[in-house]
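**Q** Dropping in input_5.cif, which is mmCIF, C-alpha atoms:
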```cif
data_coords
loop_
_atom_site.label_atom_id
_atom_site.label_comp_id
_atom_site.auth_asym_id
_atom_site.auth_seq_id
_atom_site.Cartn_x
_atom_site.Cartn_y
_atom_site.Cartn_z
CA MET A 250 0.00 0.00 0.00
CA ALA A 251 1.39 3.38 -1.05
CA LYS A 252 2.32 5.76 1.71
CA VAL A 253 1.84 9.54 1.64
CA VAL A 254 4.62 11.37 3.51
CA VAL A 255 4.50 15.13 4.13
CA ILE A 256 7.70 17.10 4.72
CA THR A 257 6.63 20.04 6.85
CA SER A 258 7.92 22.53 9.43
CA GLY A 259 5.80 25.64 9.81
CA LYS A 260 8.85 27.88 9.62
CA GLY A 261 10.45 28.68 6.27
CA GLY A 262 14.07 28.18 5.36
CA VAL A 263 14.72 25.20 7.63
CA GLY A 264 15.40 22.76 4.77
CA LYS A 265 12.04 21.30 3.77
CA THR A 266 12.69 21.17 0.03
CA THR A 267 16.27 19.96 0.52
CA SER A 268 14.94 17.23 2.81
CA ALA A 269 12.07 16.30 0.49
CA ALA A 270 14.49 15.95 -2.44
CA ALA A 271 17.06 14.02 -0.41
CA PHE A 272 14.47 11.76 1.16
CA ALA A 273 12.80 10.94 -2.14
CA ALA A 274 16.21 10.24 -3.71
CA GLY A 275 17.13 8.01 -0.75
CA LEU A 276 13.92 5.98 -1.05
CA ALA A 277 14.47 5.60 -4.80
CA LEU A 278 18.05 4.42 -4.17
CA ARG A 279 16.61 1.77 -1.87
CA GLY A 280 14.51 0.48 -4.76
CA HIS A 281 11.16 2.08 -3.90
CA LYS A 282 9.20 3.76 -6.64
CA THR A 283 8.90 7.31 -5.35
CA VAL A 284 7.37 10.58 -6.49
CA VAL A 285 8.08 13.93 -4.87
CA ILE A 286 5.37 16.61 -5.23
CA ASP A 287 5.82 20.35 -4.83
CA PHE A 288 2.87 21.84 -2.86
CA ASP A 289 4.31 25.36 -2.81
CA VAL A 290 2.00 26.83 -5.46
CA GLY A 291 3.31 30.15 -6.78
CA LEU A 292 6.81 29.60 -5.41
CA ARG A 293 7.96 26.53 -7.29
CA ASN A 294 11.45 25.44 -6.26
CA LEU A 295 11.55 21.67 -6.01
CA ASP A 296 12.26 21.54 -9.78
CA LEU A 297 15.47 23.55 -9.25
CA ILE A 298 16.61 21.47 -6.29
CA MET A 299 15.97 18.29 -8.30
CA GLY A 300 17.69 19.76 -11.36
CA CYS A 301 14.75 19.35 -13.75
CA GLU A 302 13.63 22.99 -14.10
CA ARG A 303 14.03 22.97 -17.86
CA ARG A 304 11.88 19.89 -18.31
CA VAL A 305 8.69 21.25 -16.71
CA VAL A 306 5.83 21.35 -19.23
CA PHE A 307 2.68 20.52 -17.28
CA ASP A 308 2.23 20.83 -13.53
CA PHE A 309 0.16 19.76 -10.51
CA ILE A 310 -2.52 22.43 -11.10
CA ASN A 311 -2.87 21.45 -14.79
CA VAL A 312 -3.54 17.87 -13.71
CA ILE A 313 -6.00 18.92 -10.99
CA ASN A 314 -7.89 21.03 -13.52
CA GLY A 315 -7.87 18.22 -16.08
CA ASP A 316 -5.76 20.18 -18.59
CA ALA A 317 -3.12 17.45 -18.64
CA ASN A 318 -2.93 13.86 -17.49
CA LEU A 319 -0.64 12.59 -14.79
CA ASN A 320 1.91 10.95 -17.05
CA GLN A 321 2.32 14.14 -19.08
CA ALA A 322 3.21 16.07 -15.93
CA LEU A 323 5.44 13.59 -14.09
CA ILE A 324 9.15 14.11 -14.78
CA LYS A 325 11.35 11.01 -14.64
CA ASP A 326 14.66 11.57 -12.88
CA LYS A 327 17.68 11.04 -15.15
CA ARG A 328 19.82 9.57 -12.37
CA ASN A 329 17.45 7.00 -10.91
CA ASP A 330 14.63 5.10 -12.65
CA ASN A 331 12.55 4.84 -9.46
CA LEU A 332 12.38 8.59 -8.93
CA PHE A 333 9.79 11.00 -10.35
CA ILE A 334 9.23 14.72 -9.81
CA PHE A 335 5.80 16.36 -9.89
CA PRO A 336 6.31 20.12 -10.16
CA THR A 337 3.80 22.71 -9.09
CA SER A 338 2.50 25.75 -10.89
CA GLN A 339 3.71 29.34 -10.71
CA THR A 340 0.12 30.62 -10.62
CA ARG A 341 -0.69 33.32 -8.11
CA ASP A 342 -4.13 31.85 -7.49
CA LYS A 343 -3.60 30.48 -4.02
CA ASP A 344 -6.79 28.43 -3.98
CA ALA A 345 -5.84 26.46 -7.07
CA LEU A 346 -5.08 23.45 -4.83
CA ARG A 347 -8.63 22.23 -4.41
CA ARG A 348 -8.88 19.45 -1.86
CA GLU A 349 -11.07 17.12 -3.99
CA GLY A 350 -8.67 17.59 -6.91
CA VAL A 351 -5.63 16.83 -4.78
CA ASP A 352 -7.37 13.77 -3.36
CA ARG A 353 -8.12 12.45 -6.85
CA VAL A 354 -4.51 13.00 -8.05
CA LEU A 355 -3.06 11.34 -4.93
CA GLU A 356 -5.31 8.30 -5.41
CA GLU A 357 -4.07 8.02 -8.98
CA LEU A 358 -0.44 8.29 -7.79
CA LYS A 359 -1.01 5.64 -5.13
CA ALA A 360 -1.74 3.13 -7.87
CA GLN A 361 1.71 3.73 -9.42
CA PHE A 362 4.07 4.51 -6.54
CA ASP A 363 5.29 3.10 -3.21
CA TYR A 364 5.98 6.49 -1.65
CA ILE A 365 4.45 9.89 -2.34
CA ILE A 366 6.56 12.64 -0.77
CA CYS A 367 4.73 15.96 -0.35
CA ASP A 368 6.98 19.01 -0.04
CA SER A 369 4.91 21.47 2.00
CA PRO A 370 5.13 25.26 1.74
CA ALA A 371 6.05 27.19 4.89
CA GLY A 372 3.33 28.68 7.09
CA ILE A 373 -0.05 27.33 8.14
CA GLU A 374 -2.10 28.65 5.23
CA HIS A 375 -4.13 26.74 2.64
CA GLY A 376 -1.16 25.16 0.81
CA ALA A 377 0.51 23.87 3.97
CA ILE A 378 -2.76 22.51 5.35
CA THR A 379 -3.56 20.79 2.03
CA ALA A 380 -0.08 19.22 1.96
CA LEU A 381 -0.48 17.69 5.41
CA TYR A 382 -4.20 16.82 5.16
CA PHE A 383 -3.76 13.53 3.29
CA ALA A 384 -0.57 12.39 5.06
CA ASP A 385 0.01 8.94 6.54
CA SER A 386 3.42 10.02 7.86
CA ALA A 387 4.91 13.43 8.60
CA ILE A 388 8.55 14.40 8.75
CA ILE A 389 8.88 17.54 10.87
CA VAL A 390 11.99 19.38 9.70
CA THR A 391 13.36 21.43 12.58
CA ASN A 392 16.47 23.54 13.17
CA PRO A 393 17.97 23.63 16.67
CA GLU A 394 16.73 27.18 17.12
CA VAL A 395 13.84 28.65 19.15
CA SER A 396 11.52 29.90 16.40
CA SER A 397 11.84 26.70 14.38
CA VAL A 398 11.11 24.49 17.42
CA ARG A 399 8.09 26.58 18.35
CA ASP A 400 6.66 26.41 14.80
CA SER A 401 7.27 22.66 14.67
CA ASP A 402 5.25 22.30 17.87
CA ARG A 403 2.44 24.22 16.23
CA ILE A 404 2.49 22.01 13.13
CA ILE A 405 2.45 18.86 15.30
CA GLY A 406 -0.74 20.23 16.91
CA ILE A 407 -2.29 20.90 13.51
CA LEU A 408 -1.42 17.38 12.27
CA ALA A 409 -3.16 15.97 15.33
CA SER A 410 -6.33 18.00 14.82
CA ARG A 411 -6.75 18.86 11.14
CA SER A 412 -5.40 15.96 9.10
CA ARG A 413 -7.81 13.62 7.34
CA ARG A 414 -6.79 10.83 9.71
CA ALA A 415 -7.77 13.03 12.65
CA GLU A 416 -11.09 14.01 11.04
CA ARG A 417 -11.95 10.37 10.36
CA ASN A 418 -10.80 9.12 13.76
CA GLU A 419 -8.27 6.85 12.08
CA PRO A 420 -4.87 6.02 13.64
CA PRO A 421 -2.96 9.33 13.85
CA VAL A 422 -0.39 10.55 11.34
CA GLU A 423 2.97 8.94 12.17
CA LEU A 424 5.35 11.70 13.32
CA HIS A 425 9.11 11.85 12.75
CA LEU A 426 11.55 14.54 13.84
CA LEU A 427 14.31 15.46 11.40
CA LEU A 428 16.80 17.85 12.96
CA THR A 429 18.65 19.78 10.26
CA ARG A 430 21.51 22.29 10.17
CA TYR A 431 22.91 20.78 13.33
CA ASP A 432 26.32 22.11 14.32
CA PRO A 433 27.95 19.73 16.85
CA ALA A 434 30.80 22.15 17.58
CA ARG A 435 28.40 24.91 18.63
CA VAL A 436 26.33 22.41 20.61
CA ALA A 437 29.48 21.40 22.50
CA LYS A 438 30.08 25.03 23.38
CA GLY A 439 26.55 25.40 24.76
CA GLU A 440 25.56 27.77 21.96
CA MET A 441 22.99 25.54 20.29
CA LEU A 442 20.14 23.33 21.52
CA THR A 443 21.18 19.67 21.67
CA VAL A 444 19.43 16.79 19.92
CA GLU A 445 18.20 15.68 23.33
CA ASP A 446 16.81 19.16 24.12
CA VAL A 447 14.73 19.28 20.93
CA LYS A 448 13.55 15.69 21.36
CA GLU A 449 12.48 16.40 24.92
CA ILE A 450 10.62 19.60 24.01
CA LEU A 451 8.75 18.24 20.98
CA SER A 452 8.47 14.67 22.32
CA ILE A 453 8.23 12.91 18.97
CA PRO A 454 10.57 10.13 17.77
CA LEU A 455 13.83 11.21 16.16
CA LEU A 456 14.34 10.08 12.56
CA GLY A 457 17.69 11.71 11.94
CA VAL A 458 20.14 14.53 12.50
CA ILE A 459 21.56 16.30 9.44
CA PRO A 460 24.74 18.21 10.20
CA GLU A 461 25.26 21.72 8.86
CA SER A 462 27.26 21.00 5.74
CA GLU A 463 28.72 22.82 2.76
CA SER A 464 27.56 19.97 0.57
CA VAL A 465 23.92 21.11 0.88
CA LEU A 466 24.55 24.41 -0.92
CA ARG A 467 26.76 22.64 -3.45
CA ALA A 468 23.92 20.16 -4.10
CA SER A 469 21.36 22.91 -4.62
CA ASN A 470 23.76 24.86 -6.86
CA THR A 471 24.00 21.88 -9.17
CA GLY A 472 20.43 20.59 -8.85
CA THR A 473 21.42 17.27 -7.28
CA PRO A 474 19.54 15.88 -4.27
CA VAL A 475 22.18 15.75 -1.54
CA ALA A 476 21.46 12.06 -0.87
CA PHE A 477 23.06 11.27 -4.25
CA ASP A 478 26.32 12.68 -2.82
CA ASP A 479 27.28 9.76 -0.58
CA GLU A 480 30.68 11.34 0.09
CA SER A 481 29.10 14.19 2.03
CA LEU A 482 28.15 14.03 5.71
CA ALA A 483 24.69 15.46 4.99
CA GLY A 484 24.09 12.94 2.19
CA ARG A 485 25.08 10.03 4.44
CA ALA A 486 22.94 11.41 7.27
CA TYR A 487 19.89 11.52 4.94
CA LEU A 488 20.55 7.93 3.80
CA ASP A 489 20.66 6.88 7.46
CA ALA A 490 17.35 8.66 8.09
CA VAL A 491 15.78 6.88 5.10
CA ALA A 492 17.02 3.53 6.44
CA ARG A 493 15.45 4.27 9.85
CA PHE A 494 12.23 5.30 8.11
CA LEU A 495 12.23 1.86 6.46
CA GLY A 496 12.54 0.25 9.87
CA GLU A 497 16.29 -0.34 10.19
CA GLN A 498 18.27 0.39 13.34
CA ARG A 499 21.10 2.83 12.69
CA GLU A 500 23.26 4.64 15.17
CA MET A 501 23.05 8.47 15.07
CA ARG A 502 26.20 9.76 13.38
CA PHE A 503 27.57 13.28 13.01
CA VAL A 504 26.19 14.50 16.36
CA LYS A 505 29.62 14.88 18.01
CA PRO A 506 32.12 17.55 17.02
CA GLU A 507 34.93 16.36 14.79
CA ARG A 508 38.14 15.81 16.71
CA ARG A 509 40.41 18.80 16.49
CA ASN A 510 43.96 19.26 17.63
CA PHE A 511 43.96 20.55 21.20
CA LEU A 512 46.83 22.99 20.62
CA ARG A 513 45.12 24.50 17.58
CA VAL A 514 41.96 25.10 19.60
CA LEU A 515 44.04 26.66 22.36
CA PHE A 516 45.76 29.11 20.05
CA GLY A 517 42.73 29.94 17.98
CA LYS A 518 43.84 28.43 14.68
CA ALA A 519 40.56 26.64 14.31
CA MET B 24 42.54 34.85 23.89
CA ARG B 25 40.87 31.57 22.96
CA LEU B 26 41.64 29.81 26.24
CA LEU B 27 40.11 32.54 28.37
CA ASP B 28 37.07 32.71 26.08
CA LEU B 29 36.37 29.08 26.84
CA PHE B 30 35.85 29.90 30.49
CA PHE B 31 34.44 33.39 30.46
CA SER B 32 32.37 33.54 27.33
CA PRO B 33 29.08 35.30 28.07
CA HIS B 34 27.39 33.13 25.42
CA ARG B 35 28.33 29.87 27.05
CA HIS B 36 24.85 29.09 28.33
CA SER B 37 22.65 30.58 25.63
CA ALA B 38 21.37 27.13 24.61
CA ALA B 39 20.17 26.52 28.16
CA ILE B 40 18.33 29.85 28.09
CA ALA B 41 16.75 28.88 24.75
CA LYS B 42 15.53 25.60 26.21
CA GLU B 43 13.98 27.25 29.27
CA ARG B 44 12.23 29.92 27.19
CA LEU B 45 10.86 27.31 24.78
CA LYS B 46 9.52 25.13 27.58
CA ILE B 47 7.65 28.04 29.11
CA VAL B 48 6.20 29.45 25.90
CA LEU B 49 5.15 26.03 24.59
CA ALA B 50 3.49 25.03 27.86
CA HIS B 51 1.48 28.23 27.59
CA GLU B 52 0.62 27.81 23.91
CA ARG B 53 -0.33 24.15 24.22
CA ALA B 54 -2.77 25.03 27.02
CA GLY B 55 -4.05 28.00 25.00
CA SER B 56 -4.85 25.96 21.90
CA ALA B 57 -7.15 23.76 24.01
CA ALA B 58 -9.00 26.70 25.57
CA PRO B 59 -12.60 27.24 24.49
CA ASP B 60 -13.38 30.29 22.32
CA PHE B 61 -15.63 31.92 24.90
CA LEU B 62 -12.83 33.09 27.21
CA PRO B 63 -12.30 36.50 25.56
CA ARG B 64 -16.09 37.16 25.55
CA LEU B 65 -16.36 36.14 29.20
CA GLN B 66 -13.52 38.51 29.99
CA ARG B 67 -15.30 41.41 28.21
CA ASP B 68 -18.58 40.72 30.02
CA LEU B 69 -16.81 40.55 33.37
CA ILE B 70 -15.17 43.90 32.70
CA ASP B 71 -18.63 45.37 31.93
CA VAL B 72 -20.24 44.00 35.07
CA VAL B 73 -17.45 44.72 37.54
CA GLY B 74 -16.98 48.11 35.88
CA ARG B 75 -20.46 49.14 37.04
CA TYR B 76 -19.29 49.00 40.65
CA VAL B 77 -15.60 49.90 40.58
CA GLN B 78 -13.49 51.77 38.11
CA ILE B 79 -11.22 49.19 36.56
CA ARG B 80 -8.96 48.95 33.58
CA ASP B 81 -9.24 46.07 31.10
CA ASP B 82 -5.96 44.57 32.19
CA MET B 83 -7.12 44.24 35.80
CA ILE B 84 -9.25 41.20 34.94
CA ARG B 85 -7.54 38.01 33.86
CA VAL B 86 -9.37 34.86 32.82
CA ASN B 87 -7.45 31.59 32.53
CA LEU B 88 -8.25 27.99 32.02
CA GLY B 89 -5.88 25.85 34.05
CA LYS B 90 -5.56 22.34 35.34
CA SER B 91 -5.10 21.13 38.87
CA GLY B 92 -4.50 17.40 38.80
CA GLU B 93 -7.51 15.92 37.04
CA THR B 94 -9.74 18.97 37.50
CA SER B 95 -10.03 21.78 34.95
CA LEU B 96 -10.11 25.15 36.67
CA LEU B 97 -11.56 28.36 35.35
CA GLU B 98 -9.50 30.93 37.09
CA ILE B 99 -10.67 34.56 37.25
CA ASN B 100 -8.41 37.15 38.80
CA ILE B 101 -9.83 40.61 39.43
CA GLU B 102 -7.42 43.12 40.79
CA ILE B 103 -9.22 46.01 42.54
CA ASP B 104 -6.37 47.43 44.57
CA GLY B 105 -6.64 51.20 44.38
CA ALA B 106 -9.71 51.05 42.14
CA LYS B 107 -12.27 53.70 43.07
CA ALA B 108 -15.86 52.73 43.73
CA MET B 109 -18.23 54.01 41.06
CA PRO B 110 -20.42 56.85 42.35
CA LYS B 111 -23.79 55.19 43.10
CA ALA B 112 -24.16 52.93 40.14
CA PRO B 113 -27.48 53.53 38.35
CA GLN B 114 -29.79 50.56 38.94
CA PRO B 115 -30.58 48.83 35.70
CA ARG B 116 -34.38 48.84 35.35
CA LEU B 117 -36.62 47.14 32.89
CA ALA B 118 -38.30 49.62 30.57
CA GLY B 119 -41.86 50.39 31.66
CA ALA B 120 -41.43 48.84 35.14
#
```
Let's see the structure in the file written out as structure tokens.
**A**
Amino acid sequence: MAKVVVITSGKGGVGKTTSAAAFAAGLALRGHKTVVIDFDVGLRNLDLIMGCERRVVFDFINVINGDANLNQALIKDKRNDNLFIFPTSQTRDKDALRREGVDRVLEELKAQFDYIICDSPAGIEHGAITALYFADSAIIVTNPEVSSVRDSDRIIGILASRSRRAERNEPPVELHLLLTRYDPARVAKGEMLTVEDVKEILSIPLLGVIPESESVLRASNTGTPVAFDDESLAGRAYLDAVARFLGEQREMRFVKPERRNFLRVLFGKA
Amino acid sequence: MRLLDLFFSPHRHSAAIAKERLKIVLAHERAGSAAPDFLPRLQRDLIDVVGRYVQIRDDMIRVNLGKSGETSLLEINIEIDGAKAMPKAPQPRLAGA
């Protein structure tokens, strides 16, 4: 049975699209047929992060309105046969994401895919609510920073009260915490909330910790999901998170500062 | 001086401050999201009624929904320290009575 997974956060700029792209790529690498959908109508960006911006012809709104069929709009990834991208529209009509239309398209996707990854827009407006409404699972992308943690708490509350599963009294949306832009060196200095702090405050299970990494910007510059870069710490951390999502036990890596020479620290040549 | 910074940095505990602030604000917001919608209206009505007898400002009445063990508590705090009594409040009468 296909699973609908929303990547959400409330706050903007925490790494939702990066995580959606990396997660979808990771699932595809593990052999699961996966589609990643951009729900950020009007501010399309998943296409750039996935590197397929020049191949967009039809989009999510065209399919909802019946102007194109699903297979005309889905873009097949050139690096992995299991991975598909479903771009959104640049329309300024915010209500273009009609719930019945989205429901119909998701049902059609469920027949073809194992995983449907929904990249939510920031905020708690129509687009964000529509993205989370149909979810079976939610990945709450959070930075170790006060405003991000607060907004994540808000989104967790909304998932519990306004998702379709909540409305129908079905088992609740499965929640996963993904801590991104984590800087172990600053944590060690007491300048940043620890993994344990954020886990304790939000009290949802931890799926993974993605370290702050130069490779993320490099990946977005080149339009490559960072999970395809298995040399990078962030890429490996996303692959670990995907493995845990699939039920494997994996130790948390990259949560301790890298060892540095004591004398260099002492004399400031960091 | 890196070595001295390690011991005297004023930022050393900022993460602990962040955690405390988050715990407090989230405890408040989680309780708030469960509160019924009538609290602000109740607060306005209370201000009207009490205001007939003593001169009060809006911020002198606070209405909160709290919990004490298993019991939900509607807590109403009216501060009347220094508030002047209203000069002989006019008795509300029914028209024609």
**Q** Could you produce a table of the residues of chain A lying within 9 Å of chain B, with the nearest pair of atoms per residue and their separation in Å rounded to one decimal, using only C-alpha atoms, ordered by chain and increasing residue number, as a tab-separated table?
**A**
```
residue	atom	partner	partner_atom	distance
A:Glu394	CA	B:Ala41	CA	7.8
A:Val395	CA	B:Ala41	CA	6.3
A:Ser396	CA	B:Leu45	CA	8.8
A:Val398	CA	B:Leu45	CA	7.9
A:Arg399	CA	B:Leu49	CA	6.9
A:Asp402	CA	B:Leu49	CA	7.7
A:Arg403	CA	B:Arg53	CA	8.5
A:Gly406	CA	B:Arg53	CA	8.3
A:Val436	CA	B:Ala38	CA	7.9
A:Lys438	CA	B:Arg35	CA	6.3
A:Gly439	CA	B:Arg35	CA	5.3
A:Glu440	CA	B:Ala38	CA	5.0
A:Met441	CA	B:Ala38	CA	4.9
A:Leu442	CA	B:Ala38	CA	5.0
A:Thr443	CA	B:Ala38	CA	8.0
A:Asp446	CA	B:Lys42	CA	6.9
A:Val447	CA	B:Lys42	CA	8.3
A:Ile450	CA	B:Lys46	CA	6.7
A:Val514	CA	B:Arg25	CA	7.4
A:Leu515	CA	B:Leu26	CA	5.5
A:Phe516	CA	B:Arg25	CA	6.2
A:Gly517	CA	B:Arg25	CA	5.6
```
**Q** Just checking: using only C-alpha atoms, which residue out of A:Asp344, A:Asp287, A:Glu461, A:Glu500 ends up closest to Asn392 of chain A?
**A** A:Glu461
**Q** Spell out the residues picked by the PyMOL selection byres ((chain B and resi 83) around 9) here, as a list of chain:residue names.
**A**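 Expected selection for the PyMOL selection byres ((chain B and resi 83) around 9) here is B:Ile70, B:Ile79, B:Arg80, B:Asp81, B:Asp82, B:Ile84, B:Arg85, B:Asn100, B:Ile101, B:Glu102, B:Ile103.
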**Q** My list of candidates is A:Lys265, A:Arg341, A:Arg304, A:Lys327. Which is closest to Leu292 of chain A when distances are computed with only C-alpha atoms?
**A**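 Using only C-alpha atoms, the shortest distance to Leu292 of chain A belongs to A:Arg341.
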**Q** Residue by residue, what does the PyMOL selection byres ((chain A and resi 463) around 12) grab here? Present the result as a short mmCIF file (atom, residue, chain, number, x, y, z; two decimals) with C-alpha atoms, in the coordinates of the input.
**A**
```cif
data_model
loop_
_atom_site.label_atom_id
_atom_site.label_comp_id
_atom_site.auth_asym_id
_atom_site.auth_seq_id
_atom_site.Cartn_x
_atom_site.Cartn_y
_atom_site.Cartn_z
CA ARG A 430 21.51 22.29 10.17
CA ASP A 432 26.32 22.11 14.32
CA ILE A 459 21.56 16.30 9.44
CA PRO A 460 24.74 18.21 10.20
CA GLU A 461 25.26 21.72 8.86
CA SER A 462 27.26 21.00 5.74
CA SER A 464 27.56 19.97 0.57
CA VAL A 465 23.92 21.11 0.88
CA LEU A 466 24.55 24.41 -0.92
CA ARG A 467 26.76 22.64 -3.45
CA ALA A 468 23.92 20.16 -4.10
CA SER A 469 21.36 22.91 -4.62
CA ASN A 470 23.76 24.86 -6.86
CA VAL A 475 22.18 15.75 -1.54
CA ASP A 478 26.32 12.68 -2.82
CA GLU A 480 30.68 11.34 0.09
CA SER A 481 29.10 14.19 2.03
CA LEU A 482 28.15 14.03 5.71
CA ALA A 483 24.69 15.46 4.99
CA GLY A 484 24.09 12.94 2.19
#
```
**Q** What is the distance, in Å and to one decimal place, between atom CA of Asp330 of chain A and atom CA of Val284 of chain A?
**A**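 Result for atom CA of Asp330 of chain A versus atom CA of Val284 of chain A: 11.0 Å, one decimal.
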**Q** Calculate how many Å separate atom CA of Arg279 of chain A from atom CA of Leu426 of chain A, rounding to one decimal.
**A**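 We find that atom CA of Arg279 of chain A and atom CA of Leu426 of chain A lie 20.9 Å from each other.
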**Q** Atom CA of Gln321 of chain A and atom CA of Lys343 of chain A, how far apart in Å?
**A**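 Interatomic distance here is 23.0 Å.
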